[in-house]
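**Q** I am attaching a structure below and will ask some questions about it afterwards.
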Amino acid sequence: MSNIPSDLKYAKSHEWARVTGTEAIVGITDHAQHELTDVVFVELPEPGKKVKAGEACAVVESVKTASDIYAPVSGEIKEVNKAVVDNPALVNSEPYSGGWFYKISLSNSAELDQLLSPEQYRAQIEGK
């Protein structure tokens with residue numbers, strides 16, 4: 001069973017957001033990294049880039065496939081995790097800690113209401 005931390009919000013496209021005030025840290029879920037298998041390359045957006053919720057803003061490549069990563073919320077990219085670019089395996093080993101992708105400054109906190117709760121995300125991936 002996938003690890004689904006209770007303190008996060010989830011996008012239907014398998015990204016998570018850890019919200020603190022007007023910022024969020026974004027990564028992909030444990031379920032997503034399991035589906036991808038071994039991540040071998042991560043391309044992140046440039047700091048300063050403005051993104052809209054649902055927009056592709058990063059790319060993850062695994063031994064199986066390449067996948068777009070979507071912004072769960074709109075805002076400006078404040079910081080990227082260079083460690084995950086240098087060591088893409090962090091996405092597999094630490095999807096909720098060392099394997100995060102970027103920090104974003106929220107431009108519309110009401111969008112958080114569109115994201116899934118941990119229970120809703122679990123129901124989605126379990127097909128309920």
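Chain labels follow the order of the structure tokens: the first chain is A, the next B, and so on; residue numbering restarts at 1 in every chain, and ligands are counted from 1 in their shown order.
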Which residues in chain A does DSSP call strand (DSSP E or B)? List them as a ChimeraX atom specification.

**A** /A:9-10,15-20,23-28,39-43,50-51,56-62,66-70,75-80,102-106,116

**Q** Would you kindly return, as an MDAnalysis selection string, each protein, DNA or RNA residue with an atom no farther than 9 Å from any atom of range 57-66 of chain A, considering only C-alpha atoms and excluding same-chain residues fewer than 3 positions away?

**A** chainID A and resid 36:45 51 54 69:71 88 101

**Q** With C-alpha atoms retained, could you export that selection as an mmCIF file, in the first residue's frame?

**A**
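Ended up saving to again_3.cif:
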```
data_model
loop_
_atom_site.group_PDB
_atom_site.id
_atom_site.type_symbol
_atom_site.label_atom_id
_atom_site.label_comp_id
_atom_site.auth_asym_id
_atom_site.auth_seq_id
_atom_site.Cartn_x
_atom_site.Cartn_y
_atom_site.Cartn_z
ATOM 1 C CA LEU A 36 7.470 5.071 -12.780
ATOM 2 C CA THR A 37 9.999 2.632 -11.259
ATOM 3 C CA ASP A 38 13.636 3.801 -11.261
ATOM 4 C CA VAL A 39 13.837 7.560 -11.879
ATOM 5 C CA VAL A 40 16.967 8.392 -13.904
ATOM 6 C CA PHE A 41 16.459 12.072 -14.846
ATOM 7 C CA VAL A 42 14.578 15.073 -13.450
ATOM 8 C CA GLU A 43 14.122 18.406 -15.240
ATOM 9 C CA LEU A 44 12.839 21.218 -13.023
ATOM 10 C CA PRO A 45 11.452 24.678 -13.838
ATOM 11 C CA VAL A 51 3.001 28.527 -13.556
ATOM 12 C CA GLY A 54 -2.553 21.986 -14.032
ATOM 13 C CA ILE A 69 4.891 16.853 -13.735
ATOM 14 C CA TYR A 70 2.044 19.326 -13.308
ATOM 15 C CA ALA A 71 1.784 22.305 -10.975
ATOM 16 C CA PRO A 88 17.210 11.452 -9.335
ATOM 17 C CA PHE A 101 10.932 19.129 -6.724
#
```

**Q** Residues within 10 Å of Gly21 in chain A, please, as a ChimeraX atom specification. Count only C-alpha atoms; anything in the same chain fewer than 2 positions from it doesn't count.

**A** /A:18-19,23-24,105-106,109

**Q** Which residues are close to Lys12 in chain A, i.e. within 12 Å by only C-alpha atoms, leaving aside same-chain residues fewer than 4 positions away? Reply as an mmCIF file with N, CA, C and O atoms, in the first residue's frame.

**A**
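Okay, result-v3.cif is ready:
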```cif
data_model
loop_
_atom_site.group_PDB
_atom_site.id
_atom_site.type_symbol
_atom_site.label_atom_id
_atom_site.label_comp_id
_atom_site.auth_asym_id
_atom_site.auth_seq_id
_atom_site.Cartn_x
_atom_site.Cartn_y
_atom_site.Cartn_z
ATOM 1 N N TRP A 16 2.083 16.097 -4.924
ATOM 2 C CA TRP A 16 1.676 16.491 -3.567
ATOM 3 C C TRP A 16 2.140 17.912 -3.306
ATOM 4 O O TRP A 16 3.081 18.393 -3.927
ATOM 5 N N ALA A 17 1.467 18.576 -2.367
ATOM 6 C CA ALA A 17 1.849 19.924 -1.944
ATOM 7 C C ALA A 17 1.825 19.975 -0.416
ATOM 8 O O ALA A 17 0.841 19.598 0.208
ATOM 9 N N ILE A 28 6.288 14.432 -6.211
ATOM 10 C CA ILE A 28 5.348 13.413 -6.685
ATOM 11 C C ILE A 28 5.155 12.373 -5.586
ATOM 12 O O ILE A 28 6.016 12.173 -4.746
ATOM 13 N N THR A 29 4.012 11.724 -5.629
ATOM 14 C CA THR A 29 3.642 10.796 -4.557
ATOM 15 C C THR A 29 4.410 9.483 -4.616
ATOM 16 O O THR A 29 4.995 9.114 -5.640
ATOM 17 N N HIS A 31 3.022 6.654 -4.648
ATOM 18 C CA HIS A 31 2.341 5.856 -5.676
ATOM 19 C C HIS A 31 2.927 6.158 -7.069
ATOM 20 O O HIS A 31 3.205 5.238 -7.839
ATOM 21 N N ALA A 32 3.118 7.440 -7.374
ATOM 22 C CA ALA A 32 3.641 7.827 -8.692
ATOM 23 C C ALA A 32 5.047 7.288 -8.907
ATOM 24 O O ALA A 32 5.356 6.764 -9.982
ATOM 25 N N ALA A 53 -2.010 26.330 -12.209
ATOM 26 C CA ALA A 53 -2.429 25.016 -11.732
ATOM 27 C C ALA A 53 -2.786 24.138 -12.930
ATOM 28 O O ALA A 53 -3.477 24.581 -13.846
ATOM 29 N N GLY A 54 -2.267 22.916 -12.943
ATOM 30 C CA GLY A 54 -2.553 21.986 -14.032
ATOM 31 C C GLY A 54 -1.590 22.079 -15.195
ATOM 32 O O GLY A 54 -1.643 21.268 -16.111
ATOM 33 N N ILE A 69 5.317 16.575 -15.098
ATOM 34 C CA ILE A 69 4.891 16.853 -13.735
ATOM 35 C C ILE A 69 4.124 18.167 -13.796
ATOM 36 O O ILE A 69 4.609 19.149 -14.356
ATOM 37 N N TYR A 70 2.938 18.178 -13.218
ATOM 38 C CA TYR A 70 2.044 19.326 -13.308
ATOM 39 C C TYR A 70 2.054 20.133 -12.017
ATOM 40 O O TYR A 70 2.189 19.569 -10.936
ATOM 41 N N ALA A 71 1.882 21.439 -12.148
ATOM 42 C CA ALA A 71 1.784 22.305 -10.975
ATOM 43 C C ALA A 71 0.433 22.066 -10.299
ATOM 44 O O ALA A 71 -0.599 22.212 -10.952
ATOM 45 N N PRO A 72 0.413 21.697 -9.020
ATOM 46 C CA PRO A 72 -0.866 21.498 -8.345
ATOM 47 C C PRO A 72 -1.579 22.818 -8.043
ATOM 48 O O PRO A 72 -2.789 22.844 -7.854
ATOM 49 N N GLN A 114 -9.222 22.775 -4.422
ATOM 50 C CA GLN A 114 -9.442 21.875 -5.558
ATOM 51 C C GLN A 114 -8.608 20.594 -5.433
ATOM 52 O O GLN A 114 -8.832 19.636 -6.170
ATOM 53 N N LEU A 115 -7.639 20.595 -4.530
ATOM 54 C CA LEU A 115 -6.777 19.426 -4.364
ATOM 55 C C LEU A 115 -7.465 18.386 -3.484
ATOM 56 O O LEU A 115 -8.404 18.686 -2.758
ATOM 57 N N LEU A 116 -6.969 17.165 -3.550
ATOM 58 C CA LEU A 116 -7.561 16.051 -2.811
ATOM 59 C C LEU A 116 -6.997 15.954 -1.398
ATOM 60 O O LEU A 116 -5.826 16.231 -1.167
ATOM 61 N N SER A 117 -7.841 15.515 -0.492
ATOM 62 C CA SER A 117 -7.379 15.177 0.856
ATOM 63 C C SER A 117 -6.641 13.834 0.765
ATOM 64 O O SER A 117 -6.773 13.108 -0.233
ATOM 65 N N PRO A 118 -5.886 13.467 1.803
ATOM 66 C CA PRO A 118 -5.236 12.146 1.788
ATOM 67 C C PRO A 118 -6.250 11.011 1.563
ATOM 68 O O PRO A 118 -5.975 10.068 0.815
ATOM 69 N N GLN A 120 -9.188 11.175 0.000
ATOM 70 C CA GLN A 120 -9.672 11.211 -1.388
ATOM 71 C C GLN A 120 -8.613 10.658 -2.342
ATOM 72 O O GLN A 120 -8.934 9.940 -3.284
ATOM 73 N N TYR A 121 -7.345 10.990 -2.085
ATOM 74 C CA TYR A 121 -6.269 10.492 -2.951
ATOM 75 C C TYR A 121 -6.147 8.971 -2.824
ATOM 76 O O TYR A 121 -6.022 8.267 -3.825
ATOM 77 N N ARG A 122 -6.219 8.462 -1.598
ATOM 78 C CA ARG A 122 -6.155 7.007 -1.399
ATOM 79 C C ARG A 122 -7.285 6.319 -2.167
ATOM 80 O O ARG A 122 -7.080 5.318 -2.841
ATOM 81 N N ALA A 123 -8.490 6.879 -2.085
ATOM 82 C CA ALA A 123 -9.634 6.304 -2.806
ATOM 83 C C ALA A 123 -9.379 6.317 -4.307
ATOM 84 O O ALA A 123 -9.713 5.359 -5.016
ATOM 85 N N GLN A 124 -8.770 7.392 -4.818
ATOM 86 C CA GLN A 124 -8.469 7.469 -6.251
ATOM 87 C C GLN A 124 -7.511 6.373 -6.687
ATOM 88 O O GLN A 124 -7.765 5.675 -7.658
ATOM 89 N N ILE A 125 -6.399 6.217 -5.953
ATOM 90 C CA ILE A 125 -5.415 5.239 -6.408
ATOM 91 C C ILE A 125 -5.855 3.798 -6.151
ATOM 92 O O ILE A 125 -5.368 2.884 -6.795
#
```

**Q** Select, from A:Leu90, A:Val80, A:Ala56, A:Ala11, the residue with the minimum atom-to-atom distance to Gln33 in chain A, counting only C-alpha atoms.

**A**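 Using only C-alpha atoms, Gln33 in chain A sits closest to A:Leu90.
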
**Q** Could you state the separation of CA of Val73 in chain A and CA of Asn92 in chain A in Å, given to one decimal place?

**A**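 Rounded to one decimal, the two atoms are 23.0 Å apart.
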
**Q** For Val91 in chain A, which residue among A:Pro5, A:Gly27, A:Gly127, A:Gly48 is the nearest when counting only C-alpha atoms?

**A** A:Gly27
